[in-house]
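Student: First the structure, which I've put down as structure tokens, then a few questions once you've had a look.
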Amino acid sequence: MQNRSKLIILLGLVGINIILLTACKDRANTTESTPSSKSQLPVDLPRQDILVVDQIFRYSVVENFNLWMPGIPSPTRQGLIMDSLWYIDQETGQQINALSTASPRYNKDFTQMTVKLRSGVYWSDGVEFTADDLVFTVNNLKSNPGMLWSTELELFVKEVKKIDNYTVIFELKDSNPRFHYQFTIRYNGVWMQPKHVWQNVEDPMTFKFNPPVSLGAYEYADSDPSGYWELFKRRKDWERATPGILTGKPGPPYIMSVFYGDSGRKAMAITRHELDMVQNVDYEAFQAILKKTPTARSWYKEFPWAYPNEQSARYFGFNLGSETVFSNKDVRWALTLALDIVDLQTEYIGGVARVTAIPHPASPPQMELYHTPLESWLKELQIEIEDGIFYRPYDDAVPKKIAAWAQKQGHSMPSSDEELRLLFGTGWWKHDPKIAERLLLKNGFTRNTNGEWLTPDGELWTIKMIVAPDEVEIYRLAIGAQDQWADFGLKLEIETLQRDPYYNRNLMGEFEAISSWSNASDGDATADKWKAIFGLHSQFYTPNGKSTATTGSTNTLRVKSKEMDQIIDELDQIHPEDDRVVELGREFMKLWVENMFSIITISFKNFTTVDQYYWTGFPTNENPFVQPLYWFGGGRFTFQNVAPAAGNTPKQ
Amino acid sequence: MNLLKSYFLPRLSQWLITILIGVTVTFILPRLLPTDPVERTLSTLSSLQTMDPRAVESLKEALEDLYGLGGSPFEQYINYWKRLIRGDLGPSLSAFPTPVIEIIGAGLPWTVGLLTCTIFISWILGIVLGTLAGYLPKKLWCQIMDKIFISIYPIPYYILALILVMAFCYHFQVFPLVGGASGKPEISWSYLSSILWHSFLPATSLIVGSTAFRFIMAKALTSTIIASDYVNYAETAGLSRWRIVLFYVIRNTLLPQATDLGLSIGGIFSGTVITEIVFSYPGIGYSLYMGLLQADFNLILGITVFSIVGIATAALLVDLSYPLLDPRVRYK
């Protein structure tokens, strides 16, 4: 009896093992990684046919392609299957005429906009894209409040008319020299709807548009019901979509976006050659990738590796919505001069970003427009540290100091100043704690016997700063400021928050200080600063306790300035290609800097990493022909240029 | 009849009251969050596209209307119950207009599949091994097992999970990094085997941790029971060890173990966020986590309703099964 029980148990265990081993047998053998092998990817396709890209989050909604509804995930897929009139390439700053063949033509008072459409563009079901689709899209969105762009189109468009199959005229309700921005894609914009599909839809809000009729070079093929991945197949007639027409290149047969999770998991996936393009990883993960994967690289082949040209910058901001010590610009300047940007940029960021002293990203085209022309003004800028005593705070030697640090780390550095400026930015503010001290003393601050700062009220001065640690750079910068201000005798308390509560506190003005990004420091790869600053106008001013998200304001720091209003008012009235646009942009930046409304530190950098094991043709610093930001709308042109690497022969 | 009146009916009423209170509390709590779903949508949109500030006010009104957030909280509460009775959990606010039931439907089978299997496996393993270790404390293999489980038990779950990922996805690239299966759902060996293959590491991590807990619990219970008269009597009567373990020891430790099992099964509907994140495994936990962060009232309510009903029902079933497991309850 005993023996029989043992036998039954033994047989049961053997049975379980056989099932598990059989399940694993074939699959475990697929890890061999030659450019012709199968892989452990969740689709049964030859690995060499698929470009695998990092899906920047796990989709909570799958198989819903109604990207005109808020809440439907858009990254990557919008570039693959949607299209609009114009794009701004985020690397070169050039306008790409996609569905339109030329820039929009306005009448003199900007109340009418004429659009010429491209002929020979076809939806994936074989119907030609024409003016009917554009007119239908605008009217359909206008009549469905709650759909994206519906309120803007309702606000601005009096009438949209088809003149012929390839010409459309917009009659606007008011003068608007930037109306075409609705159809000009950086990340997102008014995507075209196929009239022949949507005109039969009863409820456009709940319509899933699945399978989507594509206007891109790819069409939807498959997805994970749990939102971990999505697969797109190249259209047979890819030459009849704008990415194919404009590049003349086919792109990979399949593009698959996969959500792997955090930086560590992305690094593992690259090491396994199961991920070809990554949006971003942290510094440590990138170093691990470099060690394990010789075919992987980021923007620069060598140090400082990372992609430095995304159009935004990091800053430390203070809530100016109520009367506090931060209302005094001397205090803001003192805090700036107590920071050591070289130490921040190197020890905390790894030396891999450009510094920027003005509220604008320091990408090469933007540096030509703003940073370099403003440098003489920055050098001459003086702040009054005591009555009648002035001080020049700008330090143009910062790039050299960073380069010296890099050389000590064993990295080779170019010798010319120009090249160093391209690597590390034009300059920043001096690290001068003594001047910072004089500024504070002038304003009634004192030190106690321990050397700690007391406010004019005699209270120990402690700054409370909110940070979202998942945005690694702002967190590291905050830690750096904490250390540096501590050396200066000032306590910084960092409150770490999840992303959503962080956004909420930022928008509601429920913070004293914040480590953040965007706001006034955004760029758009063009010369026009309007998008970044229009929401700062006092007409949208939102007091603390009310969310700026509900008023259209982007002024989360609650800055008040009549001079700024004047700049914005003038900018709003002129066309973005007017010569005065750049001048007004510079005036805005001077105003921001003089008042130190926020301490801008470094430009964005992303370890946008590619593995060239299966694919090549990615944009790099040596060949910066297109933006590497594939998850933006303009990623459609990035993908199209990707081609098989040596040894990789796609089967399709 | 007496048992029905004095035992079953009070417990059924308790079950109903628990669900009523649970749903009401869950309705109130998200509304106390500092995050507002409309504000969150507007904030997300403004970061993704050119939103003219002049158009924001009207978009806000349109979204409030769409999300059904108009009316007083009491009216919303009544409407919620009306919808719930019809089986409609409303649209997700963070993934509007996707119905909440669709989001739950996509994640729940994975969570239920993984957790049901791992809970039962660890429950059986823990009880059997723990009972043996308690009954035969001087055996070398029992002592080794004891040391192993006592060492594993304090290891935080996420560390254990990360070790498995590092070992079997990175150093030995045996298991996949992402997902719950390969290919489209179908009844075929290929698809089923891919489910087994994908779930092997997450399941192992869950089984190891919970087996250690149940092992310690079963061993402690057994140590008490082996000193009892009926076990001594059975040994004196010369019954086989297997018989004593199965029918005298395990059976008498089952009551607290069954309660634990019931509550664990009820908790399945809350999901396991850490498992999903560490192994990139599908499930309902991540949806709940995101729902909480994004103030998606309907999604939070939808998942919590499943969880409340699951736990309350499991507790009810455990309660109702006591008379079957323990004759003393019947006689009372």
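Here, A, B, ... name the chains of the structure tokens in the order displayed, residue numbers run from 1 inside each chain, and ligands are numbered from 1 in the same displayed order.
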Determine which residues of chain B sit within 7 Å of chain A, taking into account only C-alpha atoms, and present them as a ChimeraX atom specification.
Tutor: /B:35,39,42-43,48-50,52-60,62-63,94-97,103,106-107,170,173-176,178-179,181-183,193-194,196-197,280,282,293-294
Student: What's the 7 Å shell around A:Val168, counting only C-alpha atoms, without same-chain residues fewer than 5 positions away, as a list in words?
Tutor: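 Contacts, with the query itself left out: Thr114, Val115, Lys116, Ala131, Lys161, Lys162 and Ile163 of chain A.
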Student: Go ahead and dump the residues you just picked, C-alpha atoms, as a short mmCIF file (atom, residue, chain, number, x, y, z; two decimals), in the first residue's frame.
Tutor:
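Wrote out.cif, looks like this:
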```cif
data_model
loop_
_atom_site.label_atom_id
_atom_site.label_comp_id
_atom_site.auth_asym_id
_atom_site.auth_seq_id
_atom_site.Cartn_x
_atom_site.Cartn_y
_atom_site.Cartn_z
CA THR A 114 -5.20 77.95 -48.17
CA VAL A 115 -3.76 74.44 -48.24
CA LYS A 116 -2.48 72.63 -51.33
CA ALA A 131 -9.60 67.37 -50.02
CA LYS A 161 -14.15 74.58 -48.20
CA LYS A 162 -12.96 72.19 -50.86
CA ILE A 163 -11.90 74.11 -53.96
#
```
Student: Taking into account only C-alpha atoms, which residue in the set B:Trp242, B:Trp123, B:Phe269, B:Phe279 is nearest to B:Ala161?
Tutor: B:Phe279
Student: Name the residues of stretch 35-259 of chain B that come out as helix (DSSP H, G or I) in a backbone DSSP run; write them as a ChimeraX atom specification.
Tutor: /B:37-48,53-67,73-85,100-135,140-152,157-171,189-225,229-236,241-259
Student: Please list as a PDB file with C-alpha atoms, in the first residue's frame every residue within 12 Å of A:Arg586, counting only C-alpha atoms and excluding residues in the same chain fewer than 3 positions away.
Tutor:
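For reference, selection_14.pdb as written:
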```pdb
ATOM      1  CA  ILE A 358      18.517  80.685 -20.880  1.00  0.00           C
ATOM      2  CA  PRO A 359      15.002  79.203 -20.957  1.00  0.00           C
ATOM      3  CA  HIS A 360      15.538  77.300 -24.158  1.00  0.00           C
ATOM      4  CA  GLN A 366      18.636  76.648 -31.506  1.00  0.00           C
ATOM      5  CA  MET A 367      22.079  77.599 -30.201  1.00  0.00           C
ATOM      6  CA  LEU A 369      19.385  81.271 -33.080  1.00  0.00           C
ATOM      7  CA  TYR A 370      19.474  82.051 -29.402  1.00  0.00           C
ATOM      8  CA  HIS A 371      22.383  80.917 -27.233  1.00  0.00           C
ATOM      9  CA  THR A 372      25.236  82.231 -29.344  1.00  0.00           C
ATOM     10  CA  PRO A 373      23.662  85.589 -30.293  1.00  0.00           C
ATOM     11  CA  LEU A 374      22.689  86.190 -26.659  1.00  0.00           C
ATOM     12  CA  GLU A 375      26.122  85.386 -25.315  1.00  0.00           C
ATOM     13  CA  TRP A 377      24.447  90.134 -23.611  1.00  0.00           C
ATOM     14  CA  LEU A 378      24.907  87.371 -21.030  1.00  0.00           C
ATOM     15  CA  ALA A 527      12.536  79.748 -34.173  1.00  0.00           C
ATOM     16  CA  ASP A 528       9.059  80.426 -32.807  1.00  0.00           C
ATOM     17  CA  LYS A 529       8.840  80.578 -29.007  1.00  0.00           C
ATOM     18  CA  TRP A 530       5.051  81.095 -29.096  1.00  0.00           C
ATOM     19  CA  MET A 564       6.233  89.389 -20.586  1.00  0.00           C
ATOM     20  CA  ILE A 567       6.208  90.355 -25.640  1.00  0.00           C
ATOM     21  CA  ILE A 568       3.586  87.614 -25.907  1.00  0.00           C
ATOM     22  CA  LEU A 571       4.398  87.655 -30.846  1.00  0.00           C
ATOM     23  CA  ASP A 579      11.907  88.264 -38.609  1.00  0.00           C
ATOM     24  CA  ARG A 580      10.618  89.834 -35.402  1.00  0.00           C
ATOM     25  CA  VAL A 581       9.821  86.366 -33.988  1.00  0.00           C
ATOM     26  CA  VAL A 582      13.434  85.636 -33.087  1.00  0.00           C
ATOM     27  CA  GLU A 583      13.916  89.122 -31.643  1.00  0.00           C
ATOM     28  CA  MET A 589      14.739  85.069 -22.631  1.00  0.00           C
ATOM     29  CA  LYS A 590      16.502  88.191 -21.392  1.00  0.00           C
ATOM     30  CA  LEU A 591      13.522  89.079 -19.244  1.00  0.00           C
ATOM     31  CA  TRP A 592      13.413  85.569 -17.779  1.00  0.00           C
ATOM     32  CA  VAL A 593      17.134  85.536 -17.045  1.00  0.00           C
TER      33      VAL A 593
END
```
Student: A:Ser214: which residues within 9 Å, counting only C-alpha atoms, same-chain residues fewer than 6 positions away excluded, as a list in words?
Tutor: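 Final neighbour list, sorted by chain and number: Leu80, Ile81, Met82, Asp83, Tyr122, Trp123, Ser124, Asp125, Pro194, Tyr220, Arg235 and Ala241 of chain A.
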Student: Restrict the selected residues to C-alpha atoms and save them as a PDB file, in the first residue's frame.
Tutor:
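Wrote result-v5.pdb, looks like this:
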```
ATOM      1  CA  LEU A  80       3.010  54.462 -38.483  1.00  0.00           C
ATOM      2  CA  ILE A  81      -0.624  54.646 -39.536  1.00  0.00           C
ATOM      3  CA  MET A  82      -1.766  58.280 -39.316  1.00  0.00           C
ATOM      4  CA  ASP A  83      -0.816  61.345 -41.314  1.00  0.00           C
ATOM      5  CA  TYR A 122      -3.629  56.511 -50.882  1.00  0.00           C
ATOM      6  CA  TRP A 123      -5.281  55.002 -47.840  1.00  0.00           C
ATOM      7  CA  SER A 124      -4.331  51.386 -47.209  1.00  0.00           C
ATOM      8  CA  ASP A 125      -7.681  50.211 -48.615  1.00  0.00           C
ATOM      9  CA  PRO A 194     -10.841  58.567 -44.150  1.00  0.00           C
ATOM     10  CA  TYR A 220      -1.821  47.268 -38.074  1.00  0.00           C
ATOM     11  CA  ARG A 235       2.028  48.167 -46.670  1.00  0.00           C
ATOM     12  CA  ALA A 241       2.121  56.891 -48.388  1.00  0.00           C
TER      13      ALA A 241
END
```
Student: Leaving out A:Met113 and any residue of its chain fewer than 6 positions from it, which residues lie within 9 Å of it when counting only C-alpha atoms, given as a list in words?
Tutor: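 Answer for this query is Pro104, Arg105, Tyr106, Asn107, Val168, Ile169, Phe170, Glu171, Leu172, Pro177, Phe179 and His180 of chain A.
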Student: Per residue of stretch 494-579 of chain A within 7 Å of stretch 311-319 of chain A, note the shortest atom pair and the distance in Å to one decimal, counting only C-alpha atoms, and order the rows by chain and increasing residue number, as CSV.
Tutor:
```
residue,atom,partner,partner_atom,distance
A:Gly509,CA,A:Asn319,CA,6.8
A:Phe511,CA,A:Asn319,CA,6.5
A:Glu512,CA,A:Asn319,CA,5.3
A:Ala513,CA,A:Phe318,CA,4.3
A:Ile514,CA,A:Gly317,CA,5.2
A:Ser515,CA,A:Phe316,CA,4.6
A:Ser516,CA,A:Tyr315,CA,5.5
A:Trp517,CA,A:Arg314,CA,4.2
A:Ser518,CA,A:Ser312,CA,5.5
A:Ser521,CA,A:Ala313,CA,5.5
A:Asp522,CA,A:Ser312,CA,4.3
A:Gly523,CA,A:Gln311,CA,4.8
A:Asp524,CA,A:Gln311,CA,6.0
A:Ala525,CA,A:Gln311,CA,6.4
A:Leu557,CA,A:Asn319,CA,5.0
A:Arg558,CA,A:Asn319,CA,6.5
```
Student: Using Å and a single decimal, report how far atom CA of A:Gln78 sits from atom CA of A:Trp238.
Tutor: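 Separation of atom CA of A:Trp238 and atom CA of A:Gln78: 15.9 Å.
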